[in-house]
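Structure below is start-v6.cif: mmCIF, C-alpha atoms and all ligand atoms.
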data_my_file
#
loop_
_atom_site.label_atom_id
_atom_site.label_comp_id
_atom_site.auth_asym_id
_atom_site.auth_seq_id
_atom_site.Cartn_x
_atom_site.Cartn_y
_atom_site.Cartn_z
CA MET A 1 -21.42 -73.14 -16.91
CA ASP A 2 -21.90 -75.95 -19.42
CA MET A 3 -25.09 -77.97 -19.22
CA GLN A 4 -27.96 -79.53 -21.06
CA ALA A 5 -31.13 -78.78 -19.14
CA PRO A 6 -34.58 -80.31 -19.32
CA PRO A 7 -37.43 -77.96 -20.22
CA ALA A 8 -38.43 -75.65 -17.36
CA ALA A 9 -41.52 -76.88 -15.52
CA LEU A 10 -44.68 -75.56 -17.12
CA LEU A 11 -48.07 -75.16 -15.52
CA SER A 12 -51.02 -76.64 -17.34
CA LEU A 13 -53.93 -74.29 -16.68
CA SER A 14 -57.64 -74.62 -17.31
CA CYS A 15 -59.70 -71.51 -17.95
CA ILE A 16 -62.64 -71.76 -15.54
CA ALA A 17 -64.28 -68.37 -16.07
CA VAL A 18 -64.09 -65.26 -18.23
CA ARG A 19 -65.71 -61.96 -17.28
CA ASP A 20 -65.87 -58.58 -18.99
CA GLU A 21 -64.32 -55.68 -17.03
CA THR A 22 -64.73 -52.98 -19.69
CA PRO A 23 -65.57 -53.14 -23.42
CA THR A 24 -61.90 -53.96 -24.17
CA VAL A 25 -60.73 -55.72 -21.01
CA LYS A 26 -61.52 -59.24 -19.80
CA THR A 27 -60.49 -61.13 -16.68
CA PHE A 28 -59.58 -64.80 -17.18
CA ARG A 29 -59.74 -67.08 -14.15
CA LEU A 30 -57.27 -69.98 -14.47
CA ARG A 31 -56.84 -73.15 -12.40
CA ALA A 32 -53.71 -75.31 -12.52
CA ASP A 33 -54.27 -79.01 -13.19
CA SER A 34 -51.54 -79.75 -10.61
CA GLY A 35 -53.37 -77.93 -7.78
CA PRO A 36 -53.29 -74.48 -6.12
CA VAL A 37 -50.59 -72.09 -7.34
CA GLY A 38 -49.01 -69.64 -4.91
CA PHE A 39 -47.94 -66.16 -5.95
CA THR A 40 -46.89 -62.89 -4.39
CA PRO A 41 -49.23 -60.00 -5.26
CA GLY A 42 -47.57 -57.97 -8.04
CA GLN A 43 -46.02 -60.98 -9.77
CA ALA A 44 -46.76 -62.02 -13.35
CA LEU A 45 -47.51 -65.18 -15.28
CA VAL A 46 -45.88 -65.89 -18.65
CA LEU A 47 -48.44 -67.57 -20.92
CA LYS A 48 -47.65 -69.70 -23.93
CA VAL A 49 -50.17 -68.29 -26.41
CA PRO A 50 -50.79 -70.62 -29.37
CA LEU A 51 -51.02 -68.11 -32.20
CA PRO A 52 -51.71 -69.56 -35.68
CA GLY A 53 -48.12 -68.78 -36.79
CA GLY A 54 -46.62 -70.56 -33.77
CA PRO A 55 -46.69 -70.17 -29.99
CA VAL A 56 -45.47 -66.94 -28.40
CA TRP A 57 -44.67 -66.23 -24.73
CA ARG A 58 -46.29 -63.19 -23.16
CA SER A 59 -46.13 -61.91 -19.59
CA PHE A 60 -49.32 -60.76 -17.81
CA THR A 61 -49.57 -59.43 -14.28
CA ILE A 62 -51.69 -61.59 -11.99
CA SER A 63 -54.55 -59.31 -11.01
CA GLY A 64 -55.84 -61.60 -8.30
CA GLY A 65 -56.63 -65.09 -7.22
CA ALA A 66 -58.35 -66.98 -4.49
CA GLY A 67 -58.20 -70.59 -3.43
CA GLY A 68 -55.11 -71.21 -5.55
CA ASP A 69 -56.69 -69.93 -8.78
CA LEU A 70 -55.04 -67.14 -10.78
CA GLU A 71 -56.74 -64.22 -12.50
CA LEU A 72 -55.32 -62.31 -15.44
CA THR A 73 -56.97 -59.05 -16.47
CA ILE A 74 -56.06 -58.42 -20.09
CA LYS A 75 -56.79 -55.59 -22.51
CA ALA A 76 -57.27 -56.57 -26.16
CA GLN A 77 -54.58 -54.91 -28.27
CA ALA A 78 -53.99 -55.00 -32.03
CA PRO A 79 -55.50 -57.77 -34.21
CA GLY A 80 -53.18 -60.74 -34.75
CA GLY A 81 -51.45 -60.40 -31.40
CA ALA A 82 -51.52 -62.50 -28.25
CA THR A 83 -53.98 -60.38 -26.28
CA ARG A 84 -56.50 -60.34 -29.13
CA TRP A 85 -56.11 -64.11 -29.54
CA LEU A 86 -56.85 -64.62 -25.83
CA HIS A 87 -59.94 -62.41 -26.02
CA GLU A 88 -61.27 -64.21 -29.07
CA ASN A 89 -60.31 -67.80 -28.27
CA LEU A 90 -59.72 -68.57 -24.58
CA ARG A 91 -63.03 -69.79 -23.18
CA ASP A 92 -64.34 -71.55 -20.11
CA GLY A 93 -62.99 -75.14 -20.24
CA ASP A 94 -59.98 -74.43 -22.51
CA SER A 95 -56.40 -75.22 -21.52
CA ILE A 96 -53.28 -73.09 -21.79
CA GLU A 97 -49.68 -73.45 -20.58
CA ALA A 98 -47.65 -70.99 -18.51
CA ARG A 99 -44.42 -70.62 -16.61
CA PRO A 100 -44.84 -70.34 -12.82
CA PRO A 101 -45.49 -66.86 -11.34
CA ARG A 102 -42.48 -64.58 -11.14
CA GLY A 103 -41.46 -60.96 -10.70
CA ALA A 104 -40.07 -58.57 -8.09
CA PHE A 105 -42.66 -55.76 -8.28
CA THR A 106 -44.10 -56.70 -4.90
CA LEU A 107 -44.41 -55.33 -1.37
CA GLY A 108 -41.03 -56.95 -0.73
CA LEU A 109 -39.57 -53.71 -2.15
CA ARG A 110 -41.28 -51.57 0.49
CA SER A 111 -39.18 -49.50 2.87
CA ASN A 112 -41.65 -46.71 3.74
CA ASP A 113 -44.97 -46.78 5.62
CA ARG A 114 -46.47 -44.19 3.27
CA LEU A 115 -47.20 -45.59 -0.18
CA ALA A 116 -48.43 -44.22 -3.50
CA PHE A 117 -49.62 -46.25 -6.48
CA VAL A 118 -49.52 -44.47 -9.83
CA SER A 119 -50.90 -46.43 -12.77
CA GLY A 120 -51.91 -45.88 -16.35
CA GLY A 121 -54.40 -48.02 -18.30
CA SER A 122 -53.80 -51.74 -17.75
CA GLY A 123 -51.11 -50.79 -15.23
CA ALA A 124 -53.90 -50.98 -12.65
CA THR A 125 -53.67 -54.79 -12.55
CA PRO A 126 -50.61 -55.29 -10.30
CA MET A 127 -51.85 -52.45 -8.09
CA MET A 128 -55.16 -54.20 -7.67
CA ALA A 129 -53.48 -57.47 -6.69
CA ILE A 130 -51.36 -55.68 -4.09
CA LEU A 131 -54.31 -53.62 -2.87
CA ARG A 132 -56.51 -56.68 -2.29
CA HIS A 133 -53.69 -58.19 -0.25
CA LEU A 134 -53.28 -55.00 1.81
CA ALA A 135 -57.03 -54.75 2.37
CA ASP A 136 -57.02 -58.28 3.81
CA THR A 137 -53.79 -58.11 5.81
CA GLU A 138 -52.94 -54.44 6.55
CA PRO A 139 -56.15 -52.41 6.16
CA GLU A 140 -54.65 -49.44 8.06
CA THR A 141 -52.01 -48.89 5.35
CA ASP A 142 -51.51 -45.25 4.36
CA LEU A 143 -51.92 -45.48 0.59
CA ALA A 144 -52.76 -42.94 -2.12
CA TRP A 145 -53.58 -44.30 -5.59
CA PHE A 146 -53.64 -42.15 -8.73
CA HIS A 147 -54.90 -43.92 -11.85
CA ALA A 148 -54.97 -42.48 -15.37
CA ALA A 149 -57.35 -43.92 -17.96
CA ARG A 150 -58.44 -42.85 -21.41
CA ASP A 151 -62.16 -42.56 -20.69
CA PRO A 152 -64.55 -43.43 -17.85
CA ALA A 153 -65.65 -46.68 -19.54
CA GLU A 154 -62.06 -47.96 -19.33
CA VAL A 155 -61.60 -47.42 -15.60
CA LEU A 156 -60.88 -50.87 -14.19
CA PHE A 157 -62.22 -52.31 -10.93
CA ALA A 158 -64.26 -49.19 -10.02
CA ARG A 159 -66.95 -51.06 -8.09
CA GLU A 160 -64.48 -53.23 -6.17
CA LEU A 161 -62.32 -50.20 -5.38
CA ALA A 162 -65.26 -48.52 -3.69
CA GLU A 163 -65.83 -51.62 -1.58
CA ILE A 164 -62.16 -51.88 -0.60
CA GLN A 165 -62.05 -48.19 0.26
CA SER A 166 -64.79 -48.75 2.81
CA ARG A 167 -62.45 -51.20 4.57
CA MET A 168 -59.25 -49.12 4.29
CA PRO A 169 -59.65 -45.80 6.16
CA ASN A 170 -56.29 -44.43 4.96
CA LEU A 171 -56.79 -45.23 1.27
CA THR A 172 -57.43 -42.37 -1.16
CA VAL A 173 -58.13 -42.99 -4.83
CA ALA A 174 -57.93 -40.37 -7.59
CA ILE A 175 -58.85 -41.23 -11.15
CA SER A 176 -58.11 -39.00 -14.11
CA VAL A 177 -59.49 -39.58 -17.60
CA SER A 178 -58.22 -37.89 -20.73
CA ARG A 179 -61.60 -38.08 -22.50
CA ALA A 180 -64.11 -37.11 -19.86
CA ALA A 181 -67.80 -37.66 -20.58
CA PRO A 182 -70.67 -35.56 -19.20
CA GLY A 183 -71.26 -36.53 -15.59
CA TRP A 184 -67.60 -37.32 -14.87
CA PHE A 185 -66.60 -35.75 -11.57
CA GLY A 186 -63.02 -37.01 -11.26
CA TYR A 187 -59.82 -35.47 -12.59
CA ARG A 188 -59.54 -34.68 -16.29
CA GLY A 189 -56.44 -34.94 -18.47
CA ARG A 190 -53.20 -36.88 -18.68
CA VAL A 191 -50.79 -37.31 -15.82
CA SER A 192 -48.97 -34.06 -15.00
CA ARG A 193 -47.07 -32.65 -12.04
CA GLY A 194 -49.90 -30.29 -11.12
CA ARG A 195 -52.55 -33.00 -11.30
CA LEU A 196 -50.47 -35.56 -9.39
CA ALA A 197 -49.40 -33.06 -6.72
CA THR A 198 -53.02 -32.02 -6.25
CA ALA A 199 -54.21 -35.61 -5.91
CA ILE A 200 -51.25 -36.68 -3.72
CA PRO A 201 -49.85 -33.54 -2.03
CA ASP A 202 -47.12 -35.48 -0.16
CA LEU A 203 -46.04 -37.52 -3.20
CA GLY A 204 -42.35 -36.79 -2.64
CA ARG A 205 -42.50 -38.33 0.83
CA ARG A 206 -44.21 -41.49 -0.37
CA GLU A 207 -42.72 -44.68 -1.80
CA VAL A 208 -44.14 -45.00 -5.31
CA PHE A 209 -45.15 -48.16 -7.15
CA CYS A 210 -45.72 -47.16 -10.76
CA CYS A 211 -47.03 -49.28 -13.63
CA GLY A 212 -47.97 -48.24 -17.16
CA PRO A 213 -46.42 -47.53 -20.55
CA GLN A 214 -42.72 -46.61 -20.52
CA GLY A 215 -43.27 -42.92 -21.31
CA PHE A 216 -45.87 -42.66 -18.54
CA MET A 217 -43.53 -44.19 -15.97
CA GLN A 218 -40.64 -41.92 -17.01
CA GLU A 219 -42.88 -38.90 -16.57
CA VAL A 220 -44.06 -40.02 -13.15
CA ARG A 221 -40.47 -40.77 -12.10
CA LEU A 222 -39.48 -37.17 -12.98
CA ILE A 223 -42.49 -35.78 -11.13
CA HIS A 224 -41.71 -37.85 -8.04
CA ALA A 225 -38.08 -36.61 -8.12
CA ALA A 226 -39.23 -33.00 -8.65
CA GLU A 227 -41.47 -33.37 -5.58
CA GLY A 228 -38.43 -34.43 -3.57
CA GLY A 229 -38.84 -38.20 -3.86
CA ALA A 230 -35.76 -40.43 -3.65
CA LEU A 231 -34.91 -42.68 -6.60
CA ALA A 232 -34.74 -45.70 -4.29
CA GLN A 233 -38.37 -45.04 -3.34
CA PHE A 234 -39.62 -45.36 -6.91
CA HIS A 235 -40.43 -48.80 -8.34
CA THR A 236 -41.73 -49.57 -11.82
CA GLU A 237 -43.30 -52.40 -13.74
CA SER A 238 -44.15 -52.40 -17.45
CA PHE A 239 -47.64 -53.75 -17.85
CA GLY A 240 -48.16 -57.20 -19.35
CA GLY A 241 -48.30 -58.09 -22.97
CA ALA A 242 -45.50 -55.80 -24.05
CA ALA A 243 -44.27 -56.05 -27.59
CA PRO A 244 -42.15 -59.09 -28.36
CA ALA A 245 -39.16 -57.07 -29.51
CA ALA A 246 -39.47 -54.15 -27.15
CA ALA A 247 -36.10 -54.61 -25.49
CA PRO A 248 -33.65 -51.79 -25.13
CA MET A 249 -31.69 -51.52 -28.36
CA ALA A 250 -28.83 -49.33 -27.20
CA GLU A 251 -26.08 -49.13 -29.78
CA ALA A 252 -23.02 -50.89 -28.51
CA ALA A 253 -20.13 -48.46 -28.28
CA SER A 254 -17.40 -51.04 -28.03
CA GLU A 255 -15.13 -51.93 -30.95
CA ASP A 256 -14.24 -55.17 -29.17
CA PRO A 257 -15.60 -58.00 -31.35
CA GLY A 258 -16.38 -59.90 -28.15
CA PHE A 259 -17.44 -63.52 -28.20
CA GLY A 260 -19.33 -65.95 -30.37
CA LEU A 261 -23.05 -66.36 -29.63
CA THR A 262 -25.04 -69.26 -31.06
CA VAL A 263 -28.84 -68.99 -30.88
CA ASN A 264 -30.79 -72.10 -31.89
CA GLY A 265 -27.81 -73.22 -33.97
CA ARG A 266 -27.33 -69.87 -35.70
CA ALA A 267 -23.89 -68.33 -35.12
CA ILE A 268 -23.72 -64.58 -34.47
CA GLY A 269 -21.47 -62.38 -32.33
CA ILE A 270 -21.88 -60.58 -29.03
CA ARG A 271 -19.97 -57.55 -27.77
CA PRO A 272 -18.91 -57.36 -24.13
CA ASP A 273 -21.20 -54.39 -23.44
CA GLU A 274 -24.44 -55.87 -24.72
CA THR A 275 -26.87 -58.45 -23.42
CA LEU A 276 -27.77 -61.69 -25.17
CA LEU A 277 -31.04 -60.02 -26.14
CA GLN A 278 -29.43 -56.88 -27.57
CA ALA A 279 -26.90 -58.93 -29.58
CA SER A 280 -29.63 -61.17 -30.96
CA LEU A 281 -31.99 -58.37 -31.96
CA ARG A 282 -29.15 -56.30 -33.45
CA GLN A 283 -28.39 -59.21 -35.79
CA GLY A 284 -31.97 -60.01 -36.68
CA VAL A 285 -32.55 -62.94 -34.34
CA ILE A 286 -35.81 -62.47 -32.43
CA ILE A 287 -36.05 -63.45 -28.77
CA PRO A 288 -39.50 -62.70 -27.28
CA CYS A 289 -39.26 -60.15 -24.51
CA GLY A 290 -41.47 -58.07 -22.27
CA CYS A 291 -40.03 -55.84 -19.54
CA GLY A 292 -36.40 -55.77 -20.73
CA GLU A 293 -35.33 -55.54 -17.08
CA GLY A 294 -35.04 -59.14 -15.90
CA MET A 295 -38.39 -59.12 -14.11
CA CYS A 296 -41.03 -60.80 -16.27
CA GLY A 297 -39.25 -63.96 -17.47
CA THR A 298 -40.52 -63.66 -21.06
CA CYS A 299 -36.99 -63.73 -22.53
CA MET A 300 -35.93 -66.92 -20.72
CA VAL A 301 -33.50 -69.03 -22.77
CA GLN A 302 -31.62 -72.23 -22.07
CA LEU A 303 -27.88 -71.87 -21.68
CA VAL A 304 -26.38 -74.80 -23.60
CA SER A 305 -22.72 -73.90 -23.06
CA GLY A 306 -20.44 -71.05 -22.09
CA GLN A 307 -19.78 -68.67 -19.23
CA VAL A 308 -22.20 -65.83 -18.56
CA ASP A 309 -22.81 -62.92 -16.20
CA SER A 310 -26.50 -63.41 -15.41
CA ARG A 311 -28.39 -60.87 -13.28
CA PRO A 312 -32.08 -61.77 -13.08
CA ASN A 313 -34.26 -59.29 -11.27
CA GLY A 314 -36.95 -61.63 -10.00
CA GLY A 315 -37.79 -63.01 -13.46
CA LEU A 316 -36.22 -66.43 -12.92
CA THR A 317 -37.17 -68.97 -10.28
CA PRO A 318 -34.32 -70.66 -8.34
CA GLU A 319 -35.34 -73.96 -9.98
CA GLU A 320 -35.04 -72.48 -13.48
CA ALA A 321 -31.66 -70.95 -12.65
CA ALA A 322 -30.49 -74.32 -11.33
CA GLU A 323 -31.66 -75.98 -14.54
CA GLY A 324 -29.46 -73.68 -16.61
CA TYR A 325 -31.93 -71.08 -17.79
CA VAL A 326 -30.99 -67.41 -18.05
CA LEU A 327 -32.81 -64.22 -18.99
CA ALA A 328 -31.52 -62.89 -22.30
CA CYS A 329 -32.27 -59.26 -21.38
CA SER A 330 -30.12 -59.34 -18.23
CA THR A 331 -27.31 -61.69 -19.21
CA ARG A 332 -23.96 -60.88 -20.79
CA ALA A 333 -21.43 -63.31 -22.27
CA ALA A 334 -18.13 -64.01 -20.51
CA SER A 335 -16.97 -66.53 -23.16
CA ASP A 336 -18.35 -67.99 -26.37
CA VAL A 337 -21.95 -68.89 -25.53
CA GLU A 338 -24.63 -71.13 -27.00
CA ILE A 339 -28.30 -70.68 -26.07
CA ARG A 340 -31.60 -72.22 -27.13
CA LEU A 341 -34.99 -70.55 -26.99
CA ALA A 342 -36.94 -72.10 -24.11
S1 LIG B 1 -37.87 -59.31 -21.01
FE1 LIG B 1 -38.67 -59.48 -18.99
S2 LIG B 1 -37.17 -60.69 -18.02
FE2 LIG B 1 -36.31 -60.30 -19.95
#
Encoded form using structure tokens:
Amino acid sequence: MDMQAPPAALLSLSCIAVRDETPTVKTFRLRADSGPVGFTPGQALVLKVPLPGGPVWRSFTISGGAGGDLELTIKAQAPGGATRWLHENLRDGDSIEARPPRGAFTLGLRSNDRLAFVSGGSGATPMMAILRHLADTEPETDLAWFHAARDPAEVLFARELAEIQSRMPNLTVAISVSRAAPGWFGYRGRVSRGRLATAIPDLGRREVFCCGPQGFMQEVRLIHAAEGGALAQFHTESFGGAAPAAAPMAEAASEDPGFGLTVNGRAIGIRPDETLLQASLRQGVIIPCGCGEGMCGTCMVQLVSGQVDSRPNGGLTPEEAAEGYVLACSTRAASDVEIRLA
């Protein structure tokens, strides 16, 4: 593949409302200047956040949307980062750019009639998007949702969940908080096999959609397997706003010097067994990334020249692929390669 591509199409979005969900979480309602934007519940939007030191791209799950609007429910993280900037600066009437919705953590993965959602913290957002869709289209769905939060004040969407539950007879919801306050009647403590098996006794026979921090998802994956669940029935999604350099940094075992890799004009090398992202980060060249699994689109780069083995996992639209974009976290070099940050 050898091509010079135009910039991928960006959405120009206007913020039309901001509402507080918890003391540290806000929902931003966005409307595209070009008209209604379609998305599949569970997909994410990659925002171009104009930080003072330069714009950064961050992926956030779409928590909902109606009438072509999109809602992002975002927890404020550390000062100086993208989420804090959005909390402090994005107001009703402001504009922001984004790449079109993308991602494969959707009901398209479903192969079982019995579902379980297991989420931690902000990992509730894709679940909520999928749940709203199920409540409207398949209210009889057999679904058990276990959500872990730090304290009762941080439980997202509690009021709406109660309303949805009244419309979905086969929906059970269990919430566990690690810092319970007086008057809390739900589960207490972090996710554990005992707690999860109590809340969802047939977990191993359900298809699990899991979203939360990496360690949380690994733990839930082990619990699901221990309860007899099949690996193919376990789907994960890292929640939005992951660290910009959070990609897998596995040490390359190969002695093969591999190929040349040029990133924004800077020449480095790439071994056959590493991705464009791994090679770049290993040699001190930062490419923003989120999921590290080809799903969120944050690490999208423009392929200027060279042959590659590109395996996007829902994080690239067909139009972007046709325009010569690849995902650095899921692309390996098959010749000398030149890329440019998108
Ligand atoms: S980091 Fe998410 S697609 Fe590469």
* May I have the residues within 7 Å of ligand LIG 1 (chain B), computed using all atoms listed in the file, as number ranges by chain? => A: 247, 289-300, 315, 327-330
* Asked: Could you pull the residues within 6 Å of region 55-66 of chain A, counting only C-alpha atoms, minus those fewer than 6 positions along the same chain, as a PyMOL selection string?
  -> chain A and resi 43-49+72-73+125-126+129+240-241
Atoms to include: C-alpha atoms. Write the selected residues as a short mmCIF file (atom, residue, chain, number, x, y, z; two decimals), in the frame of the given file.
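Resulting contents of out12.cif:
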data_model
loop_
_atom_site.label_atom_id
_atom_site.label_comp_id
_atom_site.auth_asym_id
_atom_site.auth_seq_id
_atom_site.Cartn_x
_atom_site.Cartn_y
_atom_site.Cartn_z
CA GLN A 43 -46.02 -60.98 -9.77
CA ALA A 44 -46.76 -62.02 -13.35
CA LEU A 45 -47.51 -65.18 -15.28
CA VAL A 46 -45.88 -65.89 -18.65
CA LEU A 47 -48.44 -67.57 -20.92
CA LYS A 48 -47.65 -69.70 -23.93
CA VAL A 49 -50.17 -68.29 -26.41
CA LEU A 72 -55.32 -62.31 -15.44
CA THR A 73 -56.97 -59.05 -16.47
CA THR A 125 -53.67 -54.79 -12.55
CA PRO A 126 -50.61 -55.29 -10.30
CA ALA A 129 -53.48 -57.47 -6.69
CA GLY A 240 -48.16 -57.20 -19.35
CA GLY A 241 -48.30 -58.09 -22.97
#
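If you look at CA of Gly123 (chain A) and CA of Lys75 (chain A), they are 10.4 Å away from each other.
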* Pick from A:Val118, A:Leu90, A:His224, A:Ala279, whichever lies nearest to Cys210 (chain A) using only C-alpha atoms -> A:Val118
* Structure fact -> Atom pair CA of Ile286 (chain A) + CA of Ala76 (chain A), distance 23.1 Å
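CA of Ala135 (chain A) is found 28.8 Å from CA of Gly194 (chain A).
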* Expected residue set, 12 Å radius at (-67.3, -38.7, -13.2), all atoms listed in the file, as JSON, numbers by chain -> {"A": [151, 152, 153, 155, 158, 174, 175, 176, 177, 178, 179, 180, 181, 182, 183, 184, 185, 186, 187, 188]}
* Asked: Which residues, written as a PyMOL selection string, have at least one atom at most 7 Å from Asp309 (chain A), with only C-alpha atoms counted and residues fewer than 4 positions away on the same chain left out?
  -> chain A and resi 331-334
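If you measure from each of A:Arg91, A:Arg266, A:Lys26, A:Arg84 to Glu71 (chain A) using all atoms listed in the file, the closest one turns out to be A:Lys26.
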* Write out as a PyMOL selection string each polymer residue whose atoms come within 9 Å of region 139-144 of chain A, counting all atoms listed in the file; drop sequence neighbours fewer than 5 positions from it. => chain A and resi 113-118+133-134+167-174+199-200+203+206
* To do: Could you give me, as number ranges by chain, the residues that have an atom at most 12 Å away from the point (-24.7, -64.8, -18.5) in the coordinates of the file, using all atoms listed in the file?
  => A: 1-2, 261, 270, 272, 274-277, 300-312, 321, 324-339
* Asked: Nearest to Arg31 (chain A) among A:Asp69, A:Gly93, A:Thr83, A:Pro52, with distances taken over all atoms listed in the file: which residue is it?
  -> A:Asp69
* Structure fact -> The residue from A:Phe39, A:Phe216, A:Phe157, A:Trp85 with the smallest atom-to-atom distance to Gly103 (chain A), counting only C-alpha atoms, is A:Phe39
* To do: Would you kindly return, as JSON, numbers by chain, each protein, DNA or RNA residue with an atom no farther than 7 Å from any atom of Leu13 (chain A), considering only C-alpha atoms and excluding same-chain residues fewer than 3 positions away?
  => {"A": [30, 31, 32, 33, 95, 96, 97]}
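Shortest atom-to-atom contact with Asn264 (chain A) among A:Met217, A:Leu341, A:Ile16, A:Leu196: A:Leu341, counting all atoms listed in the file.
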* **Residues near Phe234 (chain A), cut-off 10 Å, all atoms listed in the file, skip fewer than 3 positions along chain, as an MDAnalysis selection string** => chainID A and resid 109:110 116 204 206:210 217 220:221 224:225 229:231
